[in-house]
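Source file: upload25.cif. Holds: mmCIF, C-alpha atoms.
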data_protein
#
loop_
_atom_site.label_atom_id
_atom_site.label_comp_id
_atom_site.auth_asym_id
_atom_site.auth_seq_id
_atom_site.Cartn_x
_atom_site.Cartn_y
_atom_site.Cartn_z
CA MET A 1121 23.39 -79.79 76.47
CA ILE A 1122 19.76 -78.69 75.90
CA VAL A 1123 17.94 -80.21 72.94
CA LEU A 1124 14.41 -79.64 71.67
CA GLU A 1125 13.09 -82.33 69.32
CA HIS A 1126 9.95 -81.73 67.24
CA VAL A 1127 8.39 -79.62 69.99
CA ASN A 1128 4.86 -78.30 69.55
CA LYS A 1129 2.79 -76.30 72.00
CA VAL A 1130 -0.96 -76.02 71.41
CA TYR A 1131 -3.16 -74.36 74.03
CA ASP A 1132 -6.69 -75.45 74.95
CA ASN A 1133 -8.17 -72.68 72.81
CA GLY A 1134 -6.41 -74.11 69.76
CA PHE A 1135 -3.65 -71.51 69.57
CA HIS A 1136 -0.51 -73.12 68.12
CA ALA A 1137 2.23 -71.30 70.07
CA LEU A 1138 5.21 -73.44 68.99
CA LYS A 1139 5.45 -75.33 65.71
CA ASN A 1140 7.84 -78.26 65.30
CA ILE A 1141 10.81 -76.66 67.07
CA ASN A 1142 14.17 -78.40 66.69
CA LEU A 1143 17.00 -76.63 68.51
CA GLN A 1144 20.23 -77.26 70.35
CA PHE A 1145 21.54 -74.90 73.02
CA LYS A 1146 25.30 -75.28 73.33
CA ARG A 1147 26.99 -75.68 76.69
CA GLY A 1148 28.72 -72.54 77.96
CA GLU A 1149 27.14 -70.20 75.39
CA ILE A 1150 24.62 -67.37 75.48
CA THR A 1151 21.78 -68.18 73.10
CA VAL A 1152 19.39 -65.30 72.48
CA LEU A 1153 15.78 -65.96 71.50
CA ILE A 1154 14.48 -62.92 69.67
CA GLY A 1155 11.37 -61.93 67.79
CA PRO A 1156 8.28 -59.73 68.07
CA SER A 1157 5.79 -60.03 70.92
CA GLY A 1158 3.77 -63.23 70.70
CA CYS A 1159 6.29 -65.11 68.54
CA GLY A 1160 6.75 -67.85 71.16
CA LYS A 1161 10.21 -67.03 72.52
CA SER A 1162 9.23 -66.92 76.24
CA THR A 1163 6.99 -69.96 75.80
CA LEU A 1164 9.93 -71.84 74.33
CA MET A 1165 12.34 -70.81 77.07
CA LYS A 1166 9.93 -71.89 79.83
CA LEU A 1167 9.89 -75.43 78.43
CA VAL A 1168 13.43 -75.81 79.78
CA ASN A 1169 12.42 -75.43 83.46
CA ALA A 1170 9.01 -77.08 83.00
CA LEU A 1171 7.03 -73.88 83.55
CA ASN A 1172 5.53 -74.90 80.20
CA THR A 1173 5.06 -78.45 78.93
CA PRO A 1174 5.12 -79.38 75.25
CA SER A 1175 1.99 -80.75 73.59
CA SER A 1176 4.29 -83.05 71.64
CA GLY A 1177 7.99 -83.56 71.21
CA LYS A 1178 10.83 -83.73 73.73
CA VAL A 1179 12.92 -81.32 75.78
CA LEU A 1180 16.19 -82.96 76.83
CA ILE A 1181 18.80 -81.71 79.30
CA ASN A 1182 22.00 -83.76 79.25
CA GLY A 1183 20.03 -86.49 77.52
CA LYS A 1184 17.25 -86.62 80.15
CA ASN A 1185 13.67 -85.84 79.24
CA VAL A 1186 12.50 -82.82 81.27
CA SER A 1187 9.00 -84.26 81.55
CA GLU A 1188 10.39 -87.20 83.53
CA LEU A 1189 12.27 -85.06 86.07
CA ASN A 1190 11.01 -83.70 89.39
CA PRO A 1191 9.99 -80.13 88.46
CA VAL A 1192 10.89 -78.68 91.87
CA GLU A 1193 14.39 -80.13 91.80
CA LEU A 1194 14.74 -79.14 88.16
CA ARG A 1195 13.95 -75.49 88.88
CA ARG A 1196 16.26 -75.36 91.87
CA ASN A 1197 19.09 -76.34 89.55
CA ILE A 1198 18.27 -73.74 86.89
CA GLY A 1199 18.80 -70.03 87.48
CA TYR A 1200 15.93 -67.79 86.43
CA VAL A 1201 16.00 -64.01 85.94
CA ILE A 1202 12.85 -62.13 84.96
CA GLN A 1203 12.03 -58.55 84.01
CA SER A 1204 10.33 -57.65 87.30
CA VAL A 1205 13.17 -59.18 89.40
CA GLY A 1206 10.75 -60.46 92.07
CA LEU A 1207 12.90 -59.78 95.14
CA PHE A 1208 11.25 -60.44 98.49
CA PRO A 1209 10.66 -57.00 100.06
CA HIS A 1210 10.91 -58.23 103.67
CA MET A 1211 14.35 -59.85 103.11
CA ASN A 1212 17.63 -57.98 102.91
CA ILE A 1213 19.78 -58.35 99.81
CA SER A 1214 22.00 -61.13 101.18
CA LYS A 1215 18.99 -63.24 102.16
CA ASN A 1216 17.28 -62.56 98.83
CA ALA A 1217 20.38 -63.70 96.98
CA GLY A 1218 20.71 -66.85 99.10
CA VAL A 1219 17.15 -68.15 98.72
CA VAL A 1220 17.90 -71.12 96.46
CA PRO A 1221 21.03 -72.32 98.30
CA ARG A 1222 18.99 -72.30 101.54
CA LEU A 1223 16.27 -74.37 99.85
CA LYS A 1224 19.00 -76.78 98.79
CA LYS A 1225 20.15 -76.88 102.45
CA TRP A 1226 23.63 -75.54 101.88
CA ASP A 1227 25.78 -74.80 104.90
CA LYS A 1228 25.23 -71.25 106.22
CA ASP A 1229 28.87 -70.23 105.88
CA LYS A 1230 29.01 -71.58 102.32
CA ILE A 1231 25.92 -69.55 101.39
CA GLU A 1232 27.35 -66.38 102.90
CA GLN A 1233 30.68 -66.84 101.12
CA LYS A 1234 29.02 -67.49 97.76
CA VAL A 1235 26.58 -64.57 98.03
CA ASN A 1236 29.30 -62.13 99.10
CA GLU A 1237 31.54 -63.25 96.25
CA LEU A 1238 28.77 -62.82 93.65
CA LEU A 1239 27.63 -59.44 94.98
CA ASP A 1240 31.18 -58.19 94.62
CA MET A 1241 31.38 -59.68 91.11
CA VAL A 1242 28.38 -57.63 89.95
CA GLY A 1243 29.69 -54.43 91.52
CA LEU A 1244 27.66 -54.42 94.74
CA ASP A 1245 29.95 -54.37 97.78
CA TYR A 1246 28.36 -56.89 100.13
CA LYS A 1247 29.51 -54.86 103.15
CA ILE A 1248 27.41 -51.94 101.90
CA TYR A 1249 24.50 -53.62 100.10
CA GLY A 1250 24.15 -56.96 101.88
CA THR A 1251 22.05 -55.56 104.72
CA ARG A 1252 19.95 -53.23 102.61
CA TYR A 1253 16.43 -54.01 101.43
CA PRO A 1254 15.13 -54.00 97.84
CA SER A 1255 13.30 -50.70 98.32
CA GLU A 1256 16.65 -49.02 99.04
CA LEU A 1257 18.13 -50.03 95.68
CA SER A 1258 17.72 -48.61 92.18
CA GLY A 1259 16.13 -50.67 89.44
CA GLY A 1260 19.51 -51.51 87.96
CA GLN A 1261 20.89 -52.56 91.35
CA GLN A 1262 17.85 -54.75 91.99
CA GLN A 1263 18.35 -56.45 88.66
CA ARG A 1264 21.98 -57.14 89.58
CA VAL A 1265 20.71 -58.85 92.73
CA GLY A 1266 18.37 -60.87 90.53
CA VAL A 1267 21.37 -62.06 88.53
CA VAL A 1268 23.21 -62.94 91.74
CA ARG A 1269 20.22 -64.93 92.98
CA ALA A 1270 20.14 -66.88 89.73
CA LEU A 1271 23.86 -67.67 90.07
CA ALA A 1272 23.99 -68.32 93.81
CA ALA A 1273 23.33 -72.09 93.68
CA ASP A 1274 25.93 -72.40 90.90
CA PRO A 1275 23.53 -73.78 88.25
CA ASP A 1276 24.80 -74.88 84.86
CA ILE A 1277 21.77 -73.34 83.13
CA ILE A 1278 20.39 -69.82 83.50
CA LEU A 1279 17.18 -68.55 81.89
CA MET A 1280 16.79 -64.79 81.42
CA ASP A 1281 13.40 -63.50 80.26
CA GLU A 1282 13.82 -59.89 79.04
CA PRO A 1283 15.68 -59.10 82.27
CA PHE A 1284 16.89 -55.62 81.31
CA SER A 1285 13.99 -54.31 79.23
CA ALA A 1286 12.42 -52.21 82.01
CA LEU A 1287 15.66 -50.37 82.80
CA ASP A 1288 16.86 -47.00 81.55
CA PRO A 1289 19.32 -47.18 78.60
CA ILE A 1290 22.44 -46.52 80.71
CA SER A 1291 21.60 -49.17 83.32
CA ARG A 1292 20.65 -51.60 80.58
CA GLU A 1293 23.95 -51.15 78.78
CA GLN A 1294 25.89 -51.54 82.02
CA LEU A 1295 24.13 -54.81 82.84
CA GLN A 1296 24.69 -56.13 79.34
CA ASP A 1297 28.41 -55.44 79.79
CA GLU A 1298 28.28 -57.07 83.22
CA LEU A 1299 26.62 -60.19 81.82
CA ILE A 1300 29.27 -60.51 79.10
CA ARG A 1301 32.04 -60.13 81.68
CA LEU A 1302 30.49 -62.65 84.06
CA GLN A 1303 30.00 -65.15 81.25
CA GLN A 1304 33.69 -64.93 80.38
CA GLU A 1305 34.45 -66.02 83.94
CA LEU A 1306 31.63 -68.49 84.64
CA HIS A 1307 30.84 -70.10 81.24
CA LYS A 1308 27.19 -70.83 82.01
CA THR A 1309 24.64 -72.07 79.49
CA ILE A 1310 22.35 -69.06 79.18
CA ILE A 1311 19.08 -68.73 77.28
CA PHE A 1312 18.23 -65.04 76.99
CA VAL A 1313 14.91 -63.72 75.67
CA THR A 1314 14.69 -60.23 74.14
CA HIS A 1315 12.90 -58.29 71.43
CA ASP A 1316 15.85 -55.88 70.99
CA MET A 1317 18.18 -56.71 68.10
CA ASP A 1318 20.92 -54.41 69.39
CA GLU A 1319 20.92 -56.31 72.68
CA ALA A 1320 20.97 -59.66 70.89
CA ILE A 1321 23.90 -58.71 68.69
CA LYS A 1322 25.85 -57.41 71.67
CA ILE A 1323 25.55 -60.38 74.03
CA ALA A 1324 24.75 -63.47 71.93
CA ASP A 1325 27.01 -66.31 70.90
CA THR A 1326 24.04 -67.65 68.92
CA ILE A 1327 20.83 -65.90 67.87
CA VAL A 1328 17.55 -67.74 67.31
CA LEU A 1329 15.14 -65.49 65.40
CA MET A 1330 11.47 -66.48 65.71
CA LYS A 1331 8.14 -65.58 64.12
CA ASP A 1332 4.64 -66.98 64.76
CA GLY A 1333 5.92 -69.92 66.80
CA GLU A 1334 8.57 -70.97 64.27
CA VAL A 1335 12.34 -70.63 64.11
CA ILE A 1336 13.14 -68.54 61.04
CA GLN A 1337 16.94 -68.43 61.30
CA THR A 1338 19.64 -69.57 63.72
CA GLY A 1339 23.29 -68.57 63.67
CA LYS A 1340 26.05 -66.42 65.05
CA PRO A 1341 25.29 -62.67 65.02
CA ASP A 1342 27.82 -62.01 62.27
CA THR A 1343 26.37 -64.77 60.08
CA ILE A 1344 22.82 -63.45 60.45
CA LEU A 1345 23.95 -59.90 59.74
CA ARG A 1346 25.83 -60.95 56.62
CA HIS A 1347 23.40 -63.57 55.36
CA PRO A 1348 19.78 -62.92 56.42
CA ALA A 1349 17.61 -65.89 55.44
CA ASN A 1350 14.73 -63.88 53.98
CA ASP A 1351 13.03 -60.49 53.89
CA TYR A 1352 11.55 -60.98 57.37
CA VAL A 1353 15.02 -61.39 58.87
CA ARG A 1354 16.37 -58.55 56.75
CA ASN A 1355 13.62 -56.20 57.94
CA PHE A 1356 13.92 -57.31 61.56
CA ILE A 1357 17.66 -56.70 61.57
CA GLY A 1358 17.28 -53.30 59.93
CA SER A 1359 18.88 -52.25 56.68
CA ASN A 1360 21.54 -50.12 58.41
CA ARG A 1361 23.10 -53.24 59.96
CA LEU A 1362 23.32 -55.38 56.85
CA GLN A 1363 26.82 -56.08 55.70
CA ASN A 1364 26.40 -58.18 52.63
CA GLU A 1365 29.27 -57.12 50.39
CA ASN A 1366 27.10 -57.59 47.31
CA THR A 1367 24.85 -54.74 48.39
CA TYR A 1368 27.51 -52.57 50.07
CA GLU A 1369 27.73 -48.94 48.95
CA ILE A 1370 30.73 -46.81 49.85
CA PRO A 1371 29.47 -43.93 52.01
CA LEU A 1372 30.01 -40.31 51.07
CA VAL A 1373 31.35 -37.64 53.40
CA ASP A 1374 27.93 -35.98 53.23
CA GLU A 1375 26.46 -38.94 55.15
CA VAL A 1376 29.13 -38.93 57.86
CA MET A 1377 30.00 -35.28 58.48
CA ILE A 1378 28.89 -33.31 61.53
CA THR A 1379 26.89 -30.33 60.29
CA ASN A 1380 26.96 -28.34 63.53
CA PRO A 1381 30.49 -28.56 64.97
CA VAL A 1382 31.88 -25.91 67.30
CA MET A 1383 32.45 -22.72 65.29
CA ALA A 1384 33.26 -19.08 66.06
CA PHE A 1385 33.11 -15.80 64.20
CA PRO A 1386 36.42 -14.01 63.46
CA GLY A 1387 35.61 -11.17 65.89
CA ARG A 1388 35.42 -13.38 68.99
CA GLY A 1389 37.84 -12.46 71.75
CA LEU A 1390 40.40 -14.95 73.09
CA ALA A 1391 38.67 -15.25 76.47
CA GLU A 1392 35.42 -16.06 74.67
CA ALA A 1393 37.22 -18.68 72.58
CA ILE A 1394 38.63 -20.37 75.67
CA LYS A 1395 35.21 -20.44 77.30
CA MET A 1396 33.60 -21.93 74.18
CA MET A 1397 36.22 -24.67 74.00
CA GLU A 1398 35.80 -25.39 77.71
CA MET A 1399 32.00 -25.63 77.43
CA LYS A 1400 32.07 -27.79 74.31
CA ARG A 1401 35.03 -29.87 75.49
CA VAL A 1402 37.11 -29.35 72.34
CA ASP A 1403 40.67 -28.14 71.81
CA SER A 1404 40.11 -26.14 68.61
CA LEU A 1405 37.57 -23.94 66.84
CA LEU A 1406 36.70 -23.50 63.20
CA ILE A 1407 36.42 -19.84 62.25
CA VAL A 1408 33.62 -18.93 59.81
CA ASP A 1409 32.06 -15.65 58.81
CA ARG A 1410 28.35 -14.87 58.84
CA ASN A 1411 27.98 -16.37 55.37
CA ARG A 1412 29.55 -19.60 56.66
CA GLN A 1413 32.72 -19.02 54.64
CA LEU A 1414 35.59 -20.99 56.21
CA LYS A 1415 38.29 -18.54 57.29
CA GLY A 1416 40.61 -20.70 59.34
CA ALA A 1417 41.03 -22.64 62.56
CA VAL A 1418 42.49 -21.89 65.95
CA SER A 1419 43.78 -24.26 68.63
CA ILE A 1420 43.68 -23.79 72.38
CA TYR A 1421 47.48 -23.64 72.38
CA ARG A 1422 47.63 -20.61 70.04
CA VAL A 1423 44.90 -18.87 72.03
CA LEU A 1424 46.73 -19.40 75.32
CA ASP A 1425 50.03 -18.31 73.78
CA GLN A 1426 48.53 -14.94 72.84
CA TYR A 1427 46.08 -14.61 75.74
CA GLY A 1428 48.08 -11.89 77.47
CA GLU A 1429 47.57 -9.48 74.59
CA GLU A 1430 44.48 -7.34 75.23
CA GLY A 1431 42.04 -6.73 72.39
CA MET A 1432 43.10 -9.64 70.22
CA THR A 1433 40.51 -11.78 68.42
CA VAL A 1434 40.58 -15.30 67.05
CA ALA A 1435 41.10 -13.79 63.58
CA ASP A 1436 44.49 -12.54 64.83
CA VAL A 1437 45.71 -15.98 65.90
CA MET A 1438 43.89 -18.38 63.56
CA GLN A 1439 45.74 -20.41 60.95
CA PRO A 1440 44.54 -21.30 57.45
CA VAL A 1441 42.94 -24.67 56.93
CA ARG A 1442 45.37 -26.54 54.71
CA TYR A 1443 43.29 -29.62 53.96
CA SER A 1444 39.62 -30.03 53.18
CA VAL A 1445 37.37 -32.29 51.13
CA ALA A 1446 34.57 -31.52 48.70
CA PRO A 1447 30.98 -32.70 49.12
CA GLY A 1448 30.36 -35.93 47.24
CA SER A 1449 33.79 -37.29 48.12
CA THR A 1450 33.86 -40.83 49.48
CA LEU A 1451 34.57 -41.59 53.11
CA PRO A 1452 37.69 -43.66 52.27
CA GLU A 1453 39.11 -40.62 50.45
CA ALA A 1454 38.56 -38.45 53.51
CA ILE A 1455 40.07 -41.03 55.85
CA GLU A 1456 43.12 -41.33 53.61
CA ILE A 1457 43.71 -37.56 53.80
CA MET A 1458 43.29 -37.61 57.58
CA ASP A 1459 45.65 -40.56 57.89
CA ASN A 1460 48.34 -39.16 55.58
CA HIS A 1461 48.44 -35.80 57.35
CA GLN A 1462 47.66 -36.96 60.90
CA LEU A 1463 44.53 -34.81 61.12
CA SER A 1464 42.00 -35.07 63.92
CA ASN A 1465 39.29 -33.60 61.68
CA LEU A 1466 38.67 -32.59 58.10
CA PRO A 1467 36.32 -29.80 56.91
CA VAL A 1468 33.90 -30.38 54.06
CA VAL A 1469 33.71 -27.23 51.89
CA ASP A 1470 32.16 -26.51 48.50
CA SER A 1471 33.78 -24.81 45.51
CA ASN A 1472 32.96 -21.37 47.01
CA ASN A 1473 34.77 -22.27 50.25
CA GLN A 1474 31.46 -22.41 52.11
CA PHE A 1475 31.73 -24.65 55.15
CA LEU A 1476 29.26 -27.58 55.02
CA GLY A 1477 30.39 -29.92 57.76
CA LEU A 1478 33.24 -31.64 59.56
CA ILE A 1479 34.54 -35.20 59.39
CA THR A 1480 35.95 -36.29 62.76
CA ARG A 1481 37.20 -39.61 64.04
CA GLY A 1482 34.13 -39.71 66.26
CA SER A 1483 31.72 -39.19 63.36
CA VAL A 1484 33.47 -41.91 61.36
CA VAL A 1485 33.32 -44.40 64.22
CA LYS A 1486 29.63 -43.63 64.80
CA HIS A 1487 28.86 -44.26 61.14
CA LEU A 1488 30.84 -47.50 61.09
CA ALA A 1489 29.03 -48.71 64.19
CA GLN A 1490 25.69 -48.16 62.45
CA ILE A 1491 26.39 -49.95 59.16
CA TYR A 1492 29.33 -52.33 59.87
CA PRO A 1493 31.05 -51.70 56.52
CA ALA A 1494 33.65 -54.23 55.46
CA MET A 1495 35.55 -52.15 52.90
CA VAL A 1496 36.54 -48.91 54.64
CA PRO A 1497 40.32 -48.38 55.27
CA PRO A 1498 41.59 -48.26 58.87
CA LEU A 1499 40.97 -45.16 60.94
CA PRO A 1500 43.90 -42.83 61.61
CA ASN A 1501 45.56 -43.08 64.98
CA GLY A 1502 44.62 -40.85 67.87
CA GLU A 1503 41.68 -39.56 69.82
CA ASP A 1504 38.07 -39.72 68.66
CA GLU A 1505 37.78 -35.98 68.13
#
Show this structure as structure tokens.
Amino acid sequence: MIVLEHVNKVYDNGFHALKNINLQFKRGEITVLIGPSGCGKSTLMKLVNALNTPSSGKVLINGKNVSELNPVELRRNIGYVIQSVGLFPHMNISKNAGVVPRLKKWDKDKIEQKVNELLDMVGLDYKIYGTRYPSELSGGQQQRVGVVRALAADPDIILMDEPFSALDPISREQLQDELIRLQQELHKTIIFVTHDMDEAIKIADTIVLMKDGEVIQTGKPDTILRHPANDYVRNFIGSNRLQNENTYEIPLVDEVMITNPVMAFPGRGLAEAIKMMEMKRVDSLLIVDRNRQLKGAVSIYRVLDQYGEEGMTVADVMQPVRYSVAPGSTLPEAIEIMDNHQLSNLPVVDSNNQFLGLITRGSVVKHLAQIYPAMVPPLPNGEDE
């Protein structure tokens, strides 16, 4: 749909911003341009809506050369979302979202219907937010309106220039999820600029990794993770994400275990145990002595069963820990024990029965999410913890 052929961009001061770029952006996909600041990713993206013009080469949309199109009409048919949103402060949210359809002289009722539909799609009830002004919205809500404005005229192409980078991590993650969900419904051709590899991996159908005005590697996220083209790509991705089976090392329990799980001393009363479990949101406690010797474990059910007995401690109701694993054991070994015995967690203890850490389903999942291993057996069934 969008093709760049031998594109170069050289500024008047001689700076060569883009060097012989040849790319295709597939219809209905999210293509992420990523690289460090100054690599040319935003410059490249702005060629598509003629905010930048190439010094040489061609930018084609559906076979038509962008340089031969009316730039005003071109931009009205391409959605554009930027980091600073750029909402008009004197317009309410509905009017902000309907700017481009009004410029295209859509019927008033059609604009209202489209804006209301899109506001609802991004989680902003138009009955509540439509009449509000930008100053009354949070940063994340304003950015949602920016997305709605880009979609309102129903363009085939949407450009997004680091749209979520100024948001807090929670809002950013929510909007990434929202974009993925919307794309599944709308199937737009989206070019998304970011410098965050986690963001790129999460949302991209195709990643274009750039450096110094050149395309270093293009491919699906999984392909780039498995087969980085060179050391630059490998370093940019980060060694913890690489999944090349030739370099894969089976992790040890020492790398995965939680070293500070919820523990209690044997002398703790039952009421104290219940309060600890409530505060830490767990349903069991490991019982250790002051030398960190593992004495047993107690569940909320055993504590409640004996709660009516005054003066009892967790030592009176705890049960021995039947299964544990030694430090230096491999993660697959630990997972196999958990799976075979339907355990929600597995202590790591040394030869002197000193407690070192705890393998939980949550700690395993967190580790897998960081390194994407390809050789670890399936997780046991059940909750994370």
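Taking CA of Pro1467 (chain A) as the reference point, CA of Gly1431 (chain A) is found at 28.4 Å.
The coordinates place CA of Glu1149 (chain A) at 17.0 Å from CA of Ile1344 (chain A).
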(message) List as an NGL selection string the protein and nucleic acid residues near region 1200-1202 of chain A, meaning an atom at most 8 Å away when all atoms listed in the file are counted, but skip any in the same chain fewer than 4 places from it.
(response) :A and (1206 or 1266-1267 or 1270 or 1278-1283)
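Comparing the minimum interatomic distances between Gly1148 (chain A) and each of A:Val1205, A:Ile1310, A:Leu1124, A:Leu1406, counting all atoms listed in the file, we find that A:Ile1310 sits nearest.
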(request) Please work out which residues fall within 12 Å of (10.3, -85.8, 83.5), coordinates as given in the file, with all atoms listed in the file counting, and return them as a list in words. (result) Leu1167, Val1168, Asn1169, Ala1170, Thr1173, Pro1174, Lys1178, Val1179, Leu1180, Ile1181, Gly1183, Lys1184, Asn1185, Val1186, Ser1187, Glu1188, Leu1189, Asn1190, Pro1191, Val1192, Glu1193 and Leu1194 of chain A
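In this model, the gap between CA of Ile1311 (chain A) and CA of Ala1324 (chain A) comes to 9.4 Å.
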Expansion of the PyMOL selection byres ((chain A and resi 1243-1248) around 9) into residues, as a compact mmCIF listing (two decimals) with C-alpha atoms, keeping the file's coordinate frame:
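Result file follows (selection.txt):
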# COMPACT_ATOMS: atom_id res chain seq x y z
CA ILE A 1213 19.78 -58.35 99.81
CA SER A 1214 22.00 -61.13 101.18
CA VAL A 1235 26.58 -64.57 98.03
CA ASN A 1236 29.30 -62.13 99.10
CA GLU A 1237 31.54 -63.25 96.25
CA LEU A 1238 28.77 -62.82 93.65
CA LEU A 1239 27.63 -59.44 94.98
CA ASP A 1240 31.18 -58.19 94.62
CA MET A 1241 31.38 -59.68 91.11
CA VAL A 1242 28.38 -57.63 89.95
CA TYR A 1249 24.50 -53.62 100.10
CA GLY A 1250 24.15 -56.96 101.88
CA THR A 1251 22.05 -55.56 104.72
CA ARG A 1252 19.95 -53.23 102.61
CA GLN A 1261 20.89 -52.56 91.35
CA ARG A 1264 21.98 -57.14 89.58
CA VAL A 1265 20.71 -58.85 92.73
CA GLU A 1298 28.28 -57.07 83.22
Would you kindly return, as a PDB file with C-alpha atoms, in the frame of the given file, each protein, DNA or RNA residue with an atom no farther than 12 Å from any atom of His1136 (chain A), considering all atoms listed in the file and excluding same-chain residues fewer than 5 positions away?
ATOM      1  CA  VAL A1127       8.390 -79.620  69.990  1.00  0.00           C
ATOM      2  CA  ASN A1128       4.860 -78.300  69.550  1.00  0.00           C
ATOM      3  CA  LYS A1129       2.790 -76.300  72.000  1.00  0.00           C
ATOM      4  CA  VAL A1130      -0.960 -76.020  71.410  1.00  0.00           C
ATOM      5  CA  TYR A1131      -3.160 -74.360  74.030  1.00  0.00           C
ATOM      6  CA  ILE A1141      10.810 -76.660  67.070  1.00  0.00           C
ATOM      7  CA  GLY A1158       3.770 -63.230  70.700  1.00  0.00           C
ATOM      8  CA  CYS A1159       6.290 -65.110  68.540  1.00  0.00           C
ATOM      9  CA  GLY A1160       6.750 -67.850  71.160  1.00  0.00           C
ATOM     10  CA  THR A1163       6.990 -69.960  75.800  1.00  0.00           C
ATOM     11  CA  PRO A1174       5.120 -79.380  75.250  1.00  0.00           C
ATOM     12  CA  SER A1175       1.990 -80.750  73.590  1.00  0.00           C
ATOM     13  CA  SER A1176       4.290 -83.050  71.640  1.00  0.00           C
ATOM     14  CA  ASP A1332       4.640 -66.980  64.760  1.00  0.00           C
ATOM     15  CA  GLY A1333       5.920 -69.920  66.800  1.00  0.00           C
ATOM     16  CA  GLU A1334       8.570 -70.970  64.270  1.00  0.00           C
TER      17      GLU A1334
END
